[in-house]
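Q: This is the structure I want to talk about, given as structure tokens.
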Amino acid sequence: MAKDKGKGKTAEKTNAMRRLDALKIQYKEHTYTDTDAISGTEVAEVLGQDPERCFKTLVTVGRSGEHYVFMVPVARELDLKKAAKAVGEKSVEMIKSKELLPLTGYIHGGCSPIGMKKFFKTTVHYTAADYDTIFFSGGRIGFQIELGTEDLAKVIDFKLEDIIKEDLIQNENF
């Protein structure tokens with residue numbers, strides 16, 4: 001069982017954690033349930049991590065109607081043109097928040113690339129490979145998973161690409 005570091009309670013596993021456990025892949029769970037952190041940069045700050053090492057999971061839809069997942073550092077913004085090119089689409093756009101739960105099984109702010117209802121073609125910003133481990137949503141608000149990209153590749157198929165807008169940092173505190 002996962003330990004809630006903030007309150008000492010045992011937390012229920014998420015789909016992402018159950019999938020990693022089933023594959024016997026070691027990961028670290030981090031919680032921030034006892035904080036007011038909402039944005040990705042706030043979560044990185046609470047966890048004492050560089051926001052370039054903490055990734056958000058974004059779900060898009062292409063002009064073809066196919067869905068795609070992109071992971072980018074939390075302080076960065078997805079470049080929709082680069083994202084479309086990376087997946088071979090003419091264009092992609094973010095899905096509406098109300099579409100996220102029925103499509104993935106996750107809610108906005110708790111969307112993990114692991115354990116979605118269906119696997120979608122996934123692209124991770126190439127800087128993820130610069131770190132021994134990266135942080136991303138554990139599948140519920142308040143939970144982050146820390147995992148290396150080699151281990152992430154054992155769970156989901158993804159490619160590394162340049163998919164962020166250049167020099168756009170949303171939070172200058174880091």
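A note on labels: chains of the structure tokens are A, B, ... as shown, every chain counts residues from 1, and ligands are counted from 1 in their shown order.
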Any chance you could list, as a list of chain:residue names, the residues in segment 37-82 of chain A that come up strand (DSSP E or B) when DSSP is run on the backbone?

A: A:Cys54, A:Phe55, A:Lys56, A:Thr57, A:Leu58, A:Val59, A:Thr60, A:Val61, A:Gly62, A:His67, A:Tyr68, A:Val69, A:Phe70, A:Met71, A:Val72, A:Pro73, A:Leu78

Q: Output the selection as an mmCIF file, in the first residue's frame - N, CA and C atoms for each residue.

A:
data_model
loop_
_atom_site.group_PDB
_atom_site.id
_atom_site.type_symbol
_atom_site.label_atom_id
_atom_site.label_comp_id
_atom_site.auth_asym_id
_atom_site.auth_seq_id
_atom_site.Cartn_x
_atom_site.Cartn_y
_atom_site.Cartn_z
ATOM 1 N N CYS A 54 9.670 17.589 -13.831
ATOM 2 C CA CYS A 54 8.287 17.211 -13.528
ATOM 3 C C CYS A 54 7.453 17.429 -14.781
ATOM 4 N N PHE A 55 6.764 16.391 -15.229
ATOM 5 C CA PHE A 55 6.049 16.434 -16.505
ATOM 6 C C PHE A 55 4.544 16.388 -16.306
ATOM 7 N N LYS A 56 3.842 17.157 -17.147
ATOM 8 C CA LYS A 56 2.386 17.092 -17.162
ATOM 9 C C LYS A 56 1.969 16.251 -18.358
ATOM 10 N N THR A 57 0.831 15.599 -18.217
ATOM 11 C CA THR A 57 0.292 14.725 -19.249
ATOM 12 C C THR A 57 -0.871 15.442 -19.924
ATOM 13 N N LEU A 58 -0.750 15.649 -21.226
ATOM 14 C CA LEU A 58 -1.754 16.381 -21.992
ATOM 15 C C LEU A 58 -2.364 15.463 -23.046
ATOM 16 N N VAL A 59 -3.681 15.510 -23.188
ATOM 17 C CA VAL A 59 -4.371 14.674 -24.164
ATOM 18 C C VAL A 59 -4.944 15.581 -25.246
ATOM 19 N N THR A 60 -4.689 15.206 -26.486
ATOM 20 C CA THR A 60 -5.107 15.999 -27.634
ATOM 21 C C THR A 60 -5.896 15.138 -28.613
ATOM 22 N N VAL A 61 -6.491 15.812 -29.573
ATOM 23 C CA VAL A 61 -7.158 15.125 -30.678
ATOM 24 C C VAL A 61 -6.633 15.738 -31.971
ATOM 25 N N GLY A 62 -6.318 14.869 -32.921
ATOM 26 C CA GLY A 62 -5.829 15.330 -34.211
ATOM 27 C C GLY A 62 -6.970 15.586 -35.174
ATOM 28 N N HIS A 67 -6.652 10.324 -31.015
ATOM 29 C CA HIS A 67 -6.187 10.998 -29.801
ATOM 30 C C HIS A 67 -4.711 10.702 -29.567
ATOM 31 N N TYR A 68 -4.038 11.676 -28.971
ATOM 32 C CA TYR A 68 -2.610 11.574 -28.708
ATOM 33 C C TYR A 68 -2.314 12.116 -27.309
ATOM 34 N N VAL A 69 -1.271 11.549 -26.695
ATOM 35 C CA VAL A 69 -0.829 11.994 -25.372
ATOM 36 C C VAL A 69 0.558 12.617 -25.522
ATOM 37 N N PHE A 70 0.739 13.749 -24.860
ATOM 38 C CA PHE A 70 2.025 14.436 -24.852
ATOM 39 C C PHE A 70 2.416 14.713 -23.412
ATOM 40 N N MET A 71 3.701 14.524 -23.109
ATOM 41 C CA MET A 71 4.231 14.834 -21.783
ATOM 42 C C MET A 71 5.290 15.914 -21.940
ATOM 43 N N VAL A 72 5.072 17.028 -21.225
ATOM 44 C CA VAL A 72 6.005 18.153 -21.292
ATOM 45 C C VAL A 72 6.311 18.634 -19.875
ATOM 46 N N PRO A 73 7.474 19.258 -19.687
ATOM 47 C CA PRO A 73 7.778 19.813 -18.360
ATOM 48 C C PRO A 73 6.673 20.773 -17.917
ATOM 49 N N LEU A 78 2.972 23.106 -24.457
ATOM 50 C CA LEU A 78 3.002 22.267 -25.646
ATOM 51 C C LEU A 78 2.880 23.142 -26.886
#

Q: Enumerate, as a list in words, the complete set of residues in segment 41-72 of chain A that a backbone-based DSSP assignment places in helix (DSSP H, G or I).

A: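 Residues of segment 41-72 of chain A classed as helix (DSSP H, G or I): Thr41, Glu42, Val43, Ala44, Glu45 and Val46 of chain A.
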
Q: Save the residues we just selected, all heavy atoms, as an mmCIF file, in the first residue's frame?

A:
data_model
loop_
_atom_site.group_PDB
_atom_site.id
_atom_site.type_symbol
_atom_site.label_atom_id
_atom_site.label_comp_id
_atom_site.auth_asym_id
_atom_site.auth_seq_id
_atom_site.Cartn_x
_atom_site.Cartn_y
_atom_site.Cartn_z
ATOM 1 N N THR A 41 3.839 23.638 -11.519
ATOM 2 C CA THR A 41 5.008 24.276 -10.926
ATOM 3 C C THR A 41 4.891 24.320 -9.405
ATOM 4 O O THR A 41 5.886 24.184 -8.701
ATOM 5 C CB THR A 41 5.233 25.695 -11.493
ATOM 6 O OG1 THR A 41 4.025 26.444 -11.394
ATOM 7 C CG2 THR A 41 5.686 25.640 -12.942
ATOM 8 N N GLU A 42 3.662 24.478 -8.895
ATOM 9 C CA GLU A 42 3.463 24.437 -7.439
ATOM 10 C C GLU A 42 3.758 23.038 -6.900
ATOM 11 O O GLU A 42 4.371 22.892 -5.839
ATOM 12 C CB GLU A 42 2.030 24.838 -7.082
ATOM 13 C CG GLU A 42 1.731 26.301 -7.310
ATOM 14 C CD GLU A 42 0.257 26.651 -7.161
ATOM 15 O OE1 GLU A 42 -0.613 25.760 -7.275
ATOM 16 O OE2 GLU A 42 -0.021 27.834 -6.926
ATOM 17 N N VAL A 43 3.343 22.024 -7.635
ATOM 18 C CA VAL A 43 3.614 20.641 -7.217
ATOM 19 C C VAL A 43 5.122 20.399 -7.198
ATOM 20 O O VAL A 43 5.644 19.835 -6.232
ATOM 21 C CB VAL A 43 2.900 19.627 -8.145
ATOM 22 C CG1 VAL A 43 3.355 18.199 -7.850
ATOM 23 C CG2 VAL A 43 1.383 19.748 -7.997
ATOM 24 N N ALA A 44 5.823 20.833 -8.237
ATOM 25 C CA ALA A 44 7.280 20.670 -8.276
ATOM 26 C C ALA A 44 7.933 21.354 -7.079
ATOM 27 O O ALA A 44 8.818 20.784 -6.436
ATOM 28 C CB ALA A 44 7.837 21.232 -9.584
ATOM 29 N N GLU A 45 7.459 22.561 -6.749
ATOM 30 C CA GLU A 45 8.013 23.294 -5.618
ATOM 31 C C GLU A 45 7.774 22.546 -4.307
ATOM 32 O O GLU A 45 8.683 22.389 -3.494
ATOM 33 C CB GLU A 45 7.400 24.692 -5.551
ATOM 34 C CG GLU A 45 7.983 25.555 -4.462
ATOM 35 C CD GLU A 45 7.424 26.965 -4.463
ATOM 36 O OE1 GLU A 45 6.498 27.264 -5.242
ATOM 37 O OE2 GLU A 45 7.921 27.762 -3.652
ATOM 38 N N VAL A 46 6.553 22.052 -4.105
ATOM 39 C CA VAL A 46 6.215 21.308 -2.883
ATOM 40 C C VAL A 46 7.082 20.049 -2.754
ATOM 41 O O VAL A 46 7.501 19.678 -1.662
ATOM 42 C CB VAL A 46 4.708 20.940 -2.875
ATOM 43 C CG1 VAL A 46 4.388 19.877 -1.851
ATOM 44 C CG2 VAL A 46 3.864 22.174 -2.626
#

Q: If you count only C-alpha atoms, which residues fall within 8 Å of Asn15 of chain A, apart from same-chain ones fewer than 3 positions away, as a list of chain:residue names?

A: A:Arg18, A:Arg19, A:Ile114, A:Gly115, A:Met116, A:Gly139

Q: With C-alpha atoms retained, export the selected residues as a PDB file, in the first residue's frame.

A:
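Result file follows (part11.pdb):
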ATOM      1  CA  ARG A  18      -1.433  -1.044 -10.104  1.00  0.00           C
ATOM      2  CA  ARG A  19      -0.081  -1.327 -13.656  1.00  0.00           C
ATOM      3  CA  ILE A 114       0.048   4.949 -17.470  1.00  0.00           C
ATOM      4  CA  GLY A 115      -3.220   3.101 -16.892  1.00  0.00           C
ATOM      5  CA  MET A 116      -5.524   4.960 -19.265  1.00  0.00           C
ATOM      6  CA  GLY A 139      -3.291   8.971 -11.637  1.00  0.00           C
TER       7      GLY A 139
END

Q: When distances are computed from only C-alpha atoms, which of A:Ile141, A:Ile25, A:Ser112, A:Phe120 shows the smallest separation from Ala37 of chain A?

A: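 Residue with the minimum atom-to-atom distance to Ala37 of chain A: A:Ile141.
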
Q: In terms of the shortest atom-to-atom distance over only C-alpha atoms, which of A:Ala86, A:Leu160, A:Glu29, A:Arg53 is closest to Ala16 of chain A?

A: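 Among A:Ala86, A:Leu160, A:Glu29, A:Arg53, it is A:Glu29 that comes nearest to Ala16 of chain A.
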
Q: Write out as a PDB file with C-alpha atoms, in the first residue's frame the residues lying within 9 Å of Leu47 of chain A, counting only C-alpha atoms and excluding same-chain residues fewer than 5 positions away.

A:
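Contents of selection15.pdb, as written:
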ATOM      1  CA  HIS A  30       5.237  11.168  -3.834  1.00  0.00           C
ATOM      2  CA  THR A  31       2.172  12.788  -2.330  1.00  0.00           C
ATOM      3  CA  TYR A  32       1.172  16.375  -1.852  1.00  0.00           C
ATOM      4  CA  GLU A  42       3.463  24.437  -7.439  1.00  0.00           C
TER       5      GLU A  42
END

Q: Between atom CA of Lys96 of chain A and atom CA of Gly110 of chain A, what is the distance, to one decimal in Å?

A: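 The value is 14.9 Å.
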
Q: Which one is closest to Glu89 of chain A: A:Val124, A:Pro102, A:Arg63, A:Gln49? Count only C-alpha atoms.

A: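 Checking each candidate against Glu89 of chain A, we get A:Arg63 as the closest.
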
Q: Would you work out the distance separating atom CA of Asp34 of chain A from atom CA of Ile95 of chain A, expressed in Å to one decimal?

A: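 Atom CA of Ile95 of chain A lies at a distance of 29.3 Å from atom CA of Asp34 of chain A.
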
Q: Quote the spacing between atom CA of Ala22 of chain A and atom CA of Pro51 of chain A in Å to one decimal place.

A: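 Calculated distance between atom CA of Ala22 of chain A and atom CA of Pro51 of chain A is 28.9 Å.
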
Q: Can you work out which one of A:Glu66, A:Gly48, A:Asp157, A:Glu150 has the shortest atom-to-atom distance to Lys90 of chain A, counting only C-alpha atoms?

A: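 Using only C-alpha atoms, Lys90 of chain A sits closest to A:Glu66.
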
Q: Nearest to Glu12 of chain A: which of A:Lys81, A:Lys118, A:Arg140, A:Lys24 is it, counting only C-alpha atoms?

A: A:Arg140

Q: From the list A:Gly40, A:Lys117, A:Thr122, A:Ile145, which residue is nearest Glu77 of chain A when using only C-alpha atoms?

A: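 Counting only C-alpha atoms, the residue closest to Glu77 of chain A is A:Gly40.
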